[in-house]
Structure formats: structure tokens, C-alpha cells
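Data first, discussion second: the structure below is written as C-alpha cells.
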Amino acid sequence: MKFKFSKMHGLGNDFVVIDGVRQTVQLTTERLRQLGDRHTGVGFDQLLLVEAPQAAENDFRYRIFNNDGSEVEQCGNGARCFVKFVTEQKLTNKRAIRVETAKGVIVPMLDDNGLITVDMGVPRFAPLDIPFIAEGDAISHPLQVGEHSVDISVVSMGNPHAVQVVANVDNAPVAEQGPLIERHSRFPERVNAGFMQIVNRGEIRLRVYERGAGETLACGTGACAAVVAGIRRGLLDKVVLVHTRGGDLTISWGGPGLPVKMTGPAATVFNGEIEI
Ligand SMILES: N[C@@H](CCC[C@H](N)C(=O)O)C(=O)O
């Protein structure tokens, strides 16, 4: 079986994106891992499979897989690449696109300047919604990570995030603590681990050790979660410029009960064909 794909990225967080509307595509966990391998496959942080919607009022459904083969609920950089993909592939000519994800419908929009803005939904903090084993939805939880007690904020952006404030992301213990936090026993479905440096009330620097993919050059939902955590801690204003290793995102959040908005770019690298 052969199928076409596009290699894309959002600030260096890279994707294989597949049109499952016009092609029949079946992917096993083993096949996903092979395709995700950067030496013997195509290589990607996440694979996005675009499909026809389940409900008539929506335009598409898209499914998201980490390069370890796990299927996940939400992906910020992926949502922007999804919009660029369905536009370039002429699957739609709409600018605001209703797309079903595993955690509900999101409505990304192609802006006039070529950037893409995504309503990422309302963040959640209750431990059961993460899921996280704790009592109460405090903004600050002590978490024992190896020999260190780390002060984390837990946020669900549809997918789970644990964010800590660090003095400087350049020497933050991302490689050491990231895998331990990702698989910490208090996160039964694992977690994305964010390391946020506050530059000023409107600017942060961020690195994220992603669940199922390791550290990536940028994480869109991670940026949303970090800004929400920073606002809840009283450290940030409502609109924040997030510097990732791959480039910048603008994140805005008006407060509890309101959705988070993310604006940033998406790029196509090449189109190809895979044979399985
Ligand atoms: N890179 C993504 C997030 C992808 C999913 C994540 N690794 C998870 O397992 O939840 C983004 O841009 O949000």
C-alpha cells in the first residue's frame, strides 16, 4: 500500500501529515514507530491523520500520534500545520475550520498575514481532568522528582502538562527531570513536562519534554499550559510572547472559564510518498 504525505513543522516541532480523506490509511503502533524513526523512517515528533468528520456540522477530524506510537488528545503546533495542510491540499477553502479532536472540536483560523490562530479551549486544573493523583486544584503542587522536590502547576489543555518555573531554561534539568516527570507515578497517563523562565510579565522562555516524543523544539499546548500557569501564579499578564527553541508563539488567556488563544506559523517542508 502506498500513500502520500507532507512533512511539516510548527517552530521546528515536526510532523508527518497524511490525508486520510482521499486515501485509505491504516497505521499500527509498530508502523508508526518505524515511520517516526529518524534514521530508518521519515522521522517526526507527531503524525497527524486528517479524516472526514464524524458529525456533519464539522469539517474534519484529525488524529494525533506521538513518535512512540501513542495516540494523544491535542497538539497546538499540529493544529496550525493541519490548517496549512488542508488549505494547500485544497481539502477546503474555509478560513475558520471546525475540526474534531479526541478532546472536542477546535476552530483554528488562517489569518490574513499567513499566521494561524487556534482557540485551544478552556484549560482545566482538577487533578481528575489531568489526570494527576492529588487533592484539590491548587496552582502549586510539590512533586518528588528523584532527589528533588519540584513545585509544579498541573494544567490540562486537552492533554496533560506539568509546568515548573526555572531561573534559566538554558541550564534547566530538562534531560534529567523530563523523563522522570513524564513517567511519574502520580501521572497515570504520563505527562508533558514544561520548564518556564519568566523574562517579564509579557514574555517567557520555554522548553518542554514531551510525553511520547522527548524534548521538542517547541510545544504549542505546552506554551498554552505554561502561560496559564504563569497567569494563575500572578507572574504574567494576559498576552504573552513565548520564546521556544524553534521560534515564537503568542498566547493569550483571559482567566478561568475562558479559552486560550494561540497564534503562530506553520511550514511545509516537502511532499512524499510512503510504501508499506
Ligand atoms: N507537540 C505538541 C503536543 C503533542 C502531544 C504531546 N506530546 C502529548 O503526548 O500530549 C503541541 O504542539 O502541542
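How things are named: the first chain in the C-alpha cells is A, the next is B, and so on; residues count from 1 in each chain; ligands count from 1 in the order shown.
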
May I have the residues within 10 Å of Phe195 in chain A as a PDB file with N, CA and C atoms, in the first residue's frame, using only C-alpha atoms and disregarding those fewer than 4 positions away in the same chain?
ATOM      1  N   ILE A 152       5.294  22.189  40.967  1.00  0.00           N
ATOM      2  CA  ILE A 152       4.689  22.164  39.630  1.00  0.00           C
ATOM      3  C   ILE A 152       3.252  22.706  39.650  1.00  0.00           C
ATOM      4  N   ALA A 162       2.698  19.427  33.160  1.00  0.00           N
ATOM      5  CA  ALA A 162       3.228  19.794  34.483  1.00  0.00           C
ATOM      6  C   ALA A 162       4.281  20.854  34.215  1.00  0.00           C
ATOM      7  N   VAL A 163       4.046  22.062  34.742  1.00  0.00           N
ATOM      8  CA  VAL A 163       4.928  23.194  34.430  1.00  0.00           C
ATOM      9  C   VAL A 163       5.650  23.650  35.692  1.00  0.00           C
ATOM     10  N   GLN A 164       6.961  23.859  35.583  1.00  0.00           N
ATOM     11  CA  GLN A 164       7.716  24.432  36.708  1.00  0.00           C
ATOM     12  C   GLN A 164       8.418  25.694  36.235  1.00  0.00           C
ATOM     13  N   VAL A 165       8.624  26.613  37.173  1.00  0.00           N
ATOM     14  CA  VAL A 165       9.352  27.852  36.866  1.00  0.00           C
ATOM     15  C   VAL A 165      10.829  27.606  37.160  1.00  0.00           C
ATOM     16  N   VAL A 166      11.690  27.971  36.195  1.00  0.00           N
ATOM     17  CA  VAL A 166      13.137  27.816  36.398  1.00  0.00           C
ATOM     18  C   VAL A 166      13.799  29.183  36.217  1.00  0.00           C
ATOM     19  N   ALA A 167      15.012  29.312  36.739  1.00  0.00           N
ATOM     20  CA  ALA A 167      15.715  30.606  36.650  1.00  0.00           C
ATOM     21  C   ALA A 167      16.172  30.873  35.219  1.00  0.00           C
ATOM     22  N   ASN A 168      16.616  29.804  34.526  1.00  0.00           N
ATOM     23  CA  ASN A 168      17.178  29.976  33.179  1.00  0.00           C
ATOM     24  C   ASN A 168      16.965  28.668  32.405  1.00  0.00           C
ATOM     25  N   VAL A 169      16.227  28.719  31.304  1.00  0.00           N
ATOM     26  CA  VAL A 169      15.945  27.470  30.572  1.00  0.00           C
ATOM     27  C   VAL A 169      17.211  26.860  29.972  1.00  0.00           C
ATOM     28  N   ALA A 172      18.362  24.450  32.507  1.00  0.00           N
ATOM     29  CA  ALA A 172      17.304  23.740  33.253  1.00  0.00           C
ATOM     30  C   ALA A 172      17.513  22.225  33.084  1.00  0.00           C
ATOM     31  N   PRO A 173      17.120  21.439  34.094  1.00  0.00           N
ATOM     32  CA  PRO A 173      17.379  19.995  34.053  1.00  0.00           C
ATOM     33  C   PRO A 173      16.348  19.233  33.202  1.00  0.00           C
ATOM     34  N   VAL A 174      16.203  19.658  31.934  1.00  0.00           N
ATOM     35  CA  VAL A 174      15.171  19.081  31.064  1.00  0.00           C
ATOM     36  C   VAL A 174      15.462  17.606  30.794  1.00  0.00           C
ATOM     37  N   GLN A 177      15.280  15.647  34.455  1.00  0.00           N
ATOM     38  CA  GLN A 177      13.970  15.545  35.110  1.00  0.00           C
ATOM     39  C   GLN A 177      12.831  15.205  34.146  1.00  0.00           C
ATOM     40  N   GLY A 178      12.975  15.587  32.855  1.00  0.00           N
ATOM     41  CA  GLY A 178      11.880  15.381  31.899  1.00  0.00           C
ATOM     42  C   GLY A 178      11.343  13.960  31.893  1.00  0.00           C
ATOM     43  N   ARG A 205      10.489  32.252  28.336  1.00  0.00           N
ATOM     44  CA  ARG A 205      11.244  31.286  27.538  1.00  0.00           C
ATOM     45  C   ARG A 205      10.814  29.907  28.022  1.00  0.00           C
ATOM     46  N   LEU A 206      10.704  28.961  27.089  1.00  0.00           N
ATOM     47  CA  LEU A 206      10.095  27.679  27.452  1.00  0.00           C
ATOM     48  C   LEU A 206      10.779  26.515  26.758  1.00  0.00           C
ATOM     49  N   ARG A 207      11.010  25.456  27.532  1.00  0.00           N
ATOM     50  CA  ARG A 207      11.400  24.162  26.946  1.00  0.00           C
ATOM     51  C   ARG A 207      10.425  23.104  27.465  1.00  0.00           C
ATOM     52  N   VAL A 208      10.100  22.151  26.605  1.00  0.00           N
ATOM     53  CA  VAL A 208       9.143  21.112  27.008  1.00  0.00           C
ATOM     54  C   VAL A 208       9.693  19.733  26.661  1.00  0.00           C
ATOM     55  N   TYR A 209       9.707  18.861  27.667  1.00  0.00           N
ATOM     56  CA  TYR A 209       9.996  17.446  27.434  1.00  0.00           C
ATOM     57  C   TYR A 209       8.648  16.778  27.210  1.00  0.00           C
ATOM     58  N   GLY A 222       2.069  23.030  25.286  1.00  0.00           N
ATOM     59  CA  GLY A 222       2.972  23.335  26.400  1.00  0.00           C
ATOM     60  C   GLY A 222       3.068  24.833  26.626  1.00  0.00           C
ATOM     61  N   ALA A 226       1.922  26.678  30.016  1.00  0.00           N
ATOM     62  CA  ALA A 226       2.882  27.488  30.780  1.00  0.00           C
ATOM     63  C   ALA A 226       2.321  28.886  31.039  1.00  0.00           C
TER      64      ALA A 226
END

**Request:** Find the residues around Pro265 in chain A up to 8 Å (only C-alpha atoms counted), leave out those fewer than 6 positions away in its own chain, and share them as a PyMOL selection string.
**Result:** chain A and resi 10-11+80+114-116

**Prompt:** Which residues in range 64-230 of chain A does DSSP call helix (DSSP H, G or I)? List them as JSON, numbers by chain.
**Reply:** {"A": [76, 77, 78, 79, 80, 81, 82, 83, 84, 85, 86, 87, 88, 127, 128, 129, 169, 170, 171, 174, 175, 176, 177, 178, 179, 180, 181, 182, 220, 221, 222, 223, 224, 225, 226, 227, 228, 229, 230]}

**Residues within 10 Å of Asn200 in chain A, only C-alpha atoms, excluding chain neighbours under 6 positions, as a PyMOL selection string** = chain A and resi 235-237+240-241

Next, the residues of the selection above should be written as a tab-separated table (two decimals), in the first residue's frame with C-alpha atoms.
chain	number	residue	atom	x	y	z
A	235	LEU	CA	3.53	36.23	37.30
A	236	LEU	CA	2.20	37.04	33.81
A	237	ASP	CA	-0.22	39.37	32.03
A	240	VAL	CA	2.42	36.59	26.47
A	241	LEU	CA	5.15	36.13	23.88

Output as a Markdown table one row per residue of chain A within 6 Å of ligand 1: the closest atom pair and its distance in Å to one decimal place, counting only C-alpha atoms and all ligand atoms, sorted by chain and residue number ascending.
| residue | atom | partner | partner_atom_place_in_ligand_line | distance |
| --- | --- | --- | --- | --- |
| A:Asn66 | CA | ligand 1 | 7 (N) | 5.9 |
| A:Val72 | CA | ligand 1 | 9 (O) | 5.4 |
| A:Cys75 | CA | ligand 1 | 13 (O) | 3.5 |
| A:Gly76 | CA | ligand 1 | 13 (O) | 3.7 |
| A:Asn77 | CA | ligand 1 | 12 (O) | 3.8 |
| A:Gly78 | CA | ligand 1 | 12 (O) | 5.7 |
| A:Asn159 | CA | ligand 1 | 10 (O) | 4.7 |
| A:Glu210 | CA | ligand 1 | 7 (N) | 4.5 |
| A:Arg211 | CA | ligand 1 | 9 (O) | 4.3 |
| A:Gly212 | CA | ligand 1 | 9 (O) | 5.5 |
| A:Ala213 | CA | ligand 1 | 7 (N) | 5.9 |
| A:Cys219 | CA | ligand 1 | 12 (O) | 3.7 |
| A:Gly220 | CA | ligand 1 | 12 (O) | 3.5 |
| A:Thr221 | CA | ligand 1 | 13 (O) | 3.7 |
| A:Gly222 | CA | ligand 1 | 13 (O) | 5.9 |

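Candidate residues A:Ala56, A:Val118, A:Leu217, A:Ala229 were compared for distance to Arg245 in chain A, and the nearest is A:Leu217, using only C-alpha atoms.
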
**Message:** For the strand (DSSP E or B) assignment from backbone DSSP, which residues of range 151-259 of chain A qualify? Please present them as an NGL selection string.
**Reply:** :A and (151-156 or 160-165 or 192-200 or 203-210 or 214-216 or 239-244 or 247-253)

**Prompt:** Near Arg38 in chain A, counting only C-alpha atoms, which residues have an atom at most 10 Å away, once you skip same-chain residues fewer than 6 positions from it, shown as JSON, numbers by chain?
**Reply:** {"A": [44, 45, 67]}
